[in-house]
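Enquirer: Have a peek at upload_22.txt (compact mmCIF, C-alpha atoms and all ligand atoms).
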```txt
# COMPACT_ATOMS: atom_id res chain seq x y z
CA MET A 1 150.25 54.92 130.99
CA SER A 2 148.13 57.03 133.31
CA CYS A 3 146.05 59.96 132.09
CA ALA A 4 148.53 62.36 133.61
CA GLY A 5 151.41 60.49 132.00
CA ALA A 6 149.68 60.47 128.65
CA THR A 7 149.13 64.23 128.88
CA ALA A 8 152.74 64.83 129.81
CA ALA A 9 153.96 62.72 126.89
CA ARG A 10 151.70 64.37 124.35
CA PRO A 11 153.57 66.20 121.58
CA LEU A 12 153.62 70.00 121.70
CA TRP A 13 151.49 70.38 118.57
CA GLN A 14 148.68 68.42 120.23
CA LEU A 15 148.79 70.57 123.32
CA CYS A 16 148.59 73.68 121.14
CA MET A 17 146.09 72.43 118.57
CA GLY A 18 143.92 70.10 120.61
CA PRO A 19 143.96 66.37 121.17
CA TRP A 20 142.72 63.73 118.78
CA ARG A 21 141.13 60.83 120.63
CA PRO A 22 138.82 58.91 118.32
CA PHE A 23 138.55 55.59 120.09
CA SER A 24 139.25 56.06 123.74
CA ALA A 25 139.64 58.57 126.48
CA CYS A 26 143.06 58.39 128.12
CA GLY A 27 143.55 54.75 127.20
CA ARG A 28 140.17 53.52 128.48
CA LYS A 29 138.69 51.24 125.88
CA VAL A 30 135.18 52.18 124.78
CA ALA A 31 132.92 49.17 124.55
CA ALA A 32 131.36 48.56 121.15
CA ARG A 33 127.62 48.97 121.41
CA SER A 34 125.04 47.30 119.28
CA TYR A 35 123.12 49.57 116.96
CA SER A 36 119.37 49.68 117.30
CA SER A 37 118.48 49.56 113.59
CA GLY A 38 118.75 46.66 111.16
CA MET A 39 122.44 47.41 110.68
CA THR A 40 124.83 44.74 111.94
CA LEU A 41 128.48 44.16 111.19
CA ASP A 42 127.46 41.21 109.01
CA ASN A 43 124.66 42.64 106.90
CA ILE A 44 125.97 46.08 105.95
CA ASN A 45 127.71 47.06 102.74
CA ARG A 46 131.09 47.42 104.40
CA ALA A 47 132.67 49.56 101.70
CA THR A 48 129.78 52.05 101.75
CA VAL A 49 129.46 52.25 105.54
CA ASP A 50 133.24 52.46 105.99
CA ARG A 51 133.49 55.32 103.55
CA ILE A 52 130.51 57.22 105.00
CA ILE A 53 131.54 56.97 108.65
CA ARG A 54 135.23 57.69 107.96
CA VAL A 55 134.61 60.82 105.92
CA ASP A 56 131.84 62.12 108.19
CA HIS A 57 134.01 61.63 111.25
CA ALA A 58 136.81 63.55 109.50
CA GLY A 59 134.40 66.29 108.44
CA GLU A 60 132.94 66.77 111.90
CA TYR A 61 136.43 66.77 113.36
CA GLY A 62 137.48 69.41 110.84
CA ALA A 63 134.40 71.49 111.66
CA ASN A 64 135.32 71.36 115.35
CA ARG A 65 138.83 72.59 114.55
CA ILE A 66 137.45 75.41 112.37
CA TYR A 67 135.18 76.65 115.18
CA ALA A 68 138.06 76.30 117.65
CA GLY A 69 140.14 78.54 115.39
CA GLN A 70 137.32 81.07 115.08
CA MET A 71 136.83 81.14 118.85
CA ALA A 72 140.56 81.67 119.43
CA VAL A 73 140.28 84.92 117.48
CA LEU A 74 136.67 86.06 118.01
CA GLY A 75 135.71 84.32 121.26
CA ARG A 76 135.57 87.58 123.24
CA THR A 77 133.68 89.57 120.62
CA SER A 78 129.93 89.98 120.08
CA VAL A 79 129.79 86.88 117.83
CA GLY A 80 131.61 84.67 120.36
CA PRO A 81 128.40 83.15 121.83
CA VAL A 82 126.98 82.53 118.33
CA ILE A 83 130.13 80.65 117.26
CA GLN A 84 130.28 78.78 120.58
CA LYS A 85 126.72 77.52 120.11
CA MET A 86 127.53 76.15 116.65
CA TRP A 87 130.74 74.61 117.99
CA ASP A 88 128.78 72.87 120.76
CA GLN A 89 126.58 71.22 118.12
CA GLU A 90 129.69 70.15 116.20
CA LYS A 91 130.99 68.52 119.37
CA ASP A 92 127.81 66.42 119.52
CA HIS A 93 128.17 65.51 115.83
CA LEU A 94 131.76 64.37 116.37
CA LYS A 95 130.82 62.40 119.48
CA LYS A 96 128.20 60.51 117.48
CA PHE A 97 130.63 59.59 114.71
CA ASN A 98 133.21 58.55 117.28
CA GLU A 99 130.61 56.12 118.64
CA LEU A 100 129.69 54.86 115.16
CA MET A 101 133.36 54.24 114.35
CA VAL A 102 133.66 51.98 117.37
CA THR A 103 130.37 50.20 116.74
CA PHE A 104 131.12 49.48 113.08
CA ARG A 105 134.88 49.10 113.49
CA VAL A 106 135.77 51.82 111.04
CA ARG A 107 139.27 53.24 111.16
CA PRO A 108 139.76 57.02 111.02
CA THR A 109 141.38 58.63 108.02
CA ILE A 110 145.17 58.79 108.20
CA LEU A 111 144.83 62.50 107.43
CA MET A 112 143.45 63.41 110.88
CA PRO A 113 146.61 65.27 112.02
CA PHE A 114 146.47 67.27 108.80
CA TRP A 115 142.78 68.19 109.28
CA ASN A 116 143.63 69.17 112.85
CA VAL A 117 146.07 71.86 111.72
CA MET A 118 144.25 72.86 108.51
CA GLY A 119 140.87 73.20 110.24
CA PHE A 120 142.23 75.42 112.99
CA ALA A 121 144.22 77.52 110.48
CA LEU A 122 141.16 77.97 108.27
CA GLY A 123 138.97 79.02 111.21
CA ALA A 124 141.53 81.39 112.70
CA GLY A 125 142.66 82.73 109.32
CA THR A 126 139.18 83.68 108.17
CA ALA A 127 138.35 85.08 111.62
CA LEU A 128 141.35 87.41 111.26
CA LEU A 129 139.48 88.96 108.31
CA GLY A 130 136.80 89.94 110.83
CA LYS A 131 133.52 88.40 111.91
CA GLU A 132 132.26 88.59 108.32
CA GLY A 133 135.25 86.48 107.21
CA ALA A 134 134.51 83.86 109.86
CA MET A 135 130.86 83.77 108.85
CA ALA A 136 131.79 83.48 105.16
CA CYS A 137 133.90 80.45 106.08
CA THR A 138 130.94 79.00 107.98
CA VAL A 139 128.61 79.52 105.00
CA ALA A 140 131.08 77.91 102.58
CA VAL A 141 131.88 74.91 104.77
CA GLU A 142 128.35 74.22 105.96
CA GLU A 143 126.94 74.43 102.43
CA SER A 144 129.55 71.89 101.28
CA ILE A 145 128.84 69.56 104.22
CA ALA A 146 125.06 69.75 103.73
CA HIS A 147 125.51 68.92 100.03
CA HIS A 148 127.81 66.03 100.96
CA TYR A 149 125.28 64.70 103.51
CA ASN A 150 122.53 64.90 100.88
CA ASN A 151 124.66 62.73 98.56
CA GLN A 152 125.10 60.16 101.34
CA ILE A 153 121.36 60.17 102.08
CA ARG A 154 120.71 59.40 98.40
CA THR A 155 123.26 56.56 98.43
CA LEU A 156 121.78 54.93 101.54
CA MET A 157 118.20 55.36 100.28
CA GLU A 158 119.18 53.56 97.08
CA GLU A 159 120.95 50.77 99.02
CA ASP A 160 118.33 49.95 101.65
CA PRO A 161 116.36 52.67 103.47
CA GLU A 162 115.03 50.25 106.07
CA LYS A 163 118.34 48.70 107.03
CA TYR A 164 120.10 52.06 107.18
CA GLN A 165 117.17 53.84 108.86
CA ASP A 166 119.06 54.92 111.99
CA LEU A 167 122.19 56.03 110.14
CA LEU A 168 119.97 57.95 107.74
CA GLN A 169 118.29 59.69 110.68
CA VAL A 170 121.66 60.72 112.12
CA ILE A 171 122.81 62.13 108.80
CA LYS A 172 119.50 63.93 108.16
CA THR A 173 119.53 65.53 111.62
CA PHE A 174 123.12 66.68 111.21
CA ARG A 175 122.43 67.92 107.67
CA ASP A 176 119.60 70.09 109.05
CA GLU A 177 121.87 71.49 111.77
CA GLU A 178 124.61 72.27 109.21
CA LEU A 179 122.01 74.17 107.18
CA GLU A 180 121.08 76.13 110.34
CA HIS A 181 124.76 77.04 110.73
CA HIS A 182 124.85 78.08 107.08
CA ASP A 183 121.85 80.39 107.63
CA ILE A 184 123.36 81.80 110.84
CA GLY A 185 126.44 82.73 108.79
CA LEU A 186 124.32 84.52 106.19
CA ASN A 187 122.37 86.31 108.93
CA HIS A 188 125.65 87.56 110.40
CA ALA A 189 126.83 89.40 107.29
CA ALA A 190 128.91 86.63 105.69
CA GLU A 191 128.37 88.19 102.29
CA LEU A 192 130.09 91.39 103.44
CA ALA A 193 133.42 89.54 103.88
CA PRO A 194 136.28 90.73 101.69
CA ALA A 195 136.19 88.95 98.30
CA TYR A 196 133.26 86.85 99.53
CA THR A 197 132.63 84.98 96.26
CA LEU A 198 136.29 84.11 95.74
CA LEU A 199 136.79 83.19 99.40
CA LYS A 200 133.75 80.92 99.34
CA SER A 201 134.87 79.21 96.10
CA VAL A 202 138.37 78.56 97.41
CA ILE A 203 137.10 77.15 100.73
CA GLN A 204 134.57 74.93 98.96
CA ALA A 205 137.25 73.59 96.60
CA GLY A 206 139.24 72.73 99.72
CA CYS A 207 136.20 70.98 101.24
CA SER A 208 135.72 68.89 98.08
CA ALA A 209 139.38 67.86 98.16
CA ALA A 210 139.14 67.04 101.88
CA ILE A 211 136.06 64.88 101.29
CA TYR A 212 137.70 63.05 98.35
CA LEU A 213 140.86 62.31 100.34
CA SER A 214 139.13 61.36 103.61
CA GLU A 215 136.88 58.85 101.84
CA ARG A 216 139.90 57.10 100.33
CA PHE A 217 142.68 57.37 102.90
FE FE B 1 128.60 69.07 112.01
FE FE B 2 128.00 72.70 111.23
```
Using structure tokens, write down the structure from this file.

Expert:
Amino acid sequence: MSCAGATAARPLWQLCMGPWRPFSACGRKVAARSYSSGMTLDNINRATVDRIIRVDHAGEYGANRIYAGQMAVLGRTSVGPVIQKMWDQEKDHLKKFNELMVTFRVRPTILMPFWNVMGFALGAGTALLGKEGAMACTVAVEESIAHHYNNQIRTLMEEDPEKYQDLLQVIKTFRDEELEHHDIGLNHAAELAPAYTLLKSVIQAGCSAAIYLSERF
């Protein structure tokens, strides 16, 4: 099917909520590239690498949907450019995990359509509370993701820091950028959001559940 045909046939929810194209663009197969570090398909701990890449891909996808939801509500306000800049970094994160999925033949979580809708709803819903609500969401999510990345760094360091050197570098770089997003949220009055502490706790419980499910399914 041509690109135009594929677009025409796409369900309405995808047109509204954004496409999900983990492996290819409009049917073009993406060639698997070799990875520059000591990681090969044969020498990695498959279960560990599968779990890490699948959940990180899901997380970065969810983050993209959250920022898309925030931009739909606040894109034309004073914080629009700030949110757009963070979203642009999330696009790079997702692109990287899309590449790693192809290279290491990891399937995406079956929950992707769910994260599509939930991510957008979370971003738009908190943005409807005002810019402080959106920033509170950013603080909650980015803190959870940074904590999650730190856990993965520990796991890979315990397994084999040399073999997983490049993957470790990717995760460390992204972890640092998530922490920058977290600080941007705090610097834009996240703590002034309505019921900040409760809101943050509820969002972080959701993140923990999303991580648990995406690692397993
Ligand atoms: Fe990210
Ligand atoms: Fe982020």

Enquirer: If we count all atoms listed in the file and set the cut-off at 9 Å, which residues sit around Lys172 in chain A, ignoring sequence neighbours fewer than 4 positions away in its own chain? Please answer as an mmCIF file with C-alpha atoms, in the coordinates of the input.

Expert:
```
data_model
loop_
_atom_site.group_PDB
_atom_site.id
_atom_site.type_symbol
_atom_site.label_atom_id
_atom_site.label_comp_id
_atom_site.auth_asym_id
_atom_site.auth_seq_id
_atom_site.Cartn_x
_atom_site.Cartn_y
_atom_site.Cartn_z
ATOM 1 C CA TYR A 149 125.280 64.700 103.510
ATOM 2 C CA ASN A 150 122.530 64.900 100.880
ATOM 3 C CA ILE A 153 121.360 60.170 102.080
ATOM 4 C CA LEU A 167 122.190 56.030 110.140
ATOM 5 C CA LEU A 168 119.970 57.950 107.740
ATOM 6 C CA ASP A 176 119.600 70.090 109.050
ATOM 7 C CA GLU A 177 121.870 71.490 111.770
#
```

Enquirer: Could you list, as a list in words, all residues that come within 9 Å of ligand FE 1 (chain B)? Count all atoms listed in the file.

Expert: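 With all atoms listed in the file and a cut-off of 9 Å, ligand FE 1 (chain B) is contacted by Asp56, Gly59, Glu60, Tyr61, Gly62, Ala63, Asn64, Met86, Trp87, Gln89, Glu90, Lys91, Asp92, His93, Leu94, Glu142, Ile145, Phe174, Arg175, Glu177, Glu178 and His181 of chain A.
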
Enquirer: Please write the residues from the selection above to a file, keeping C-alpha atoms, as an mmCIF file, in the frame of the given file.

Expert:
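The new file part-v8.cif reads:
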```
data_model
loop_
_atom_site.group_PDB
_atom_site.id
_atom_site.type_symbol
_atom_site.label_atom_id
_atom_site.label_comp_id
_atom_site.auth_asym_id
_atom_site.auth_seq_id
_atom_site.Cartn_x
_atom_site.Cartn_y
_atom_site.Cartn_z
ATOM 1 C CA ASP A 56 131.840 62.120 108.190
ATOM 2 C CA GLY A 59 134.400 66.290 108.440
ATOM 3 C CA GLU A 60 132.940 66.770 111.900
ATOM 4 C CA TYR A 61 136.430 66.770 113.360
ATOM 5 C CA GLY A 62 137.480 69.410 110.840
ATOM 6 C CA ALA A 63 134.400 71.490 111.660
ATOM 7 C CA ASN A 64 135.320 71.360 115.350
ATOM 8 C CA MET A 86 127.530 76.150 116.650
ATOM 9 C CA TRP A 87 130.740 74.610 117.990
ATOM 10 C CA GLN A 89 126.580 71.220 118.120
ATOM 11 C CA GLU A 90 129.690 70.150 116.200
ATOM 12 C CA LYS A 91 130.990 68.520 119.370
ATOM 13 C CA ASP A 92 127.810 66.420 119.520
ATOM 14 C CA HIS A 93 128.170 65.510 115.830
ATOM 15 C CA LEU A 94 131.760 64.370 116.370
ATOM 16 C CA GLU A 142 128.350 74.220 105.960
ATOM 17 C CA ILE A 145 128.840 69.560 104.220
ATOM 18 C CA PHE A 174 123.120 66.680 111.210
ATOM 19 C CA ARG A 175 122.430 67.920 107.670
ATOM 20 C CA GLU A 177 121.870 71.490 111.770
ATOM 21 C CA GLU A 178 124.610 72.270 109.210
ATOM 22 C CA HIS A 181 124.760 77.040 110.730
#
```

Enquirer: Enter the distance from CA of His182 in chain A to CA of Glu143 in chain A, in Å, rounded to one decimal.

Expert: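 Straight-line distance from CA of His182 in chain A to CA of Glu143 in chain A works out to 6.3 Å.
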
Enquirer: If I take CA of Glu162 in chain A and CA of Phe217 in chain A, how far is one from the other in Å, to one decimal?

Expert: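 Taking CA of Glu162 in chain A and CA of Phe217 in chain A, their separation equals 28.7 Å.
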
Enquirer: To one decimal place, how far is CA of Pro113 in chain A from CA of Glu132 in chain A in Å?

Expert: 27.6 Å
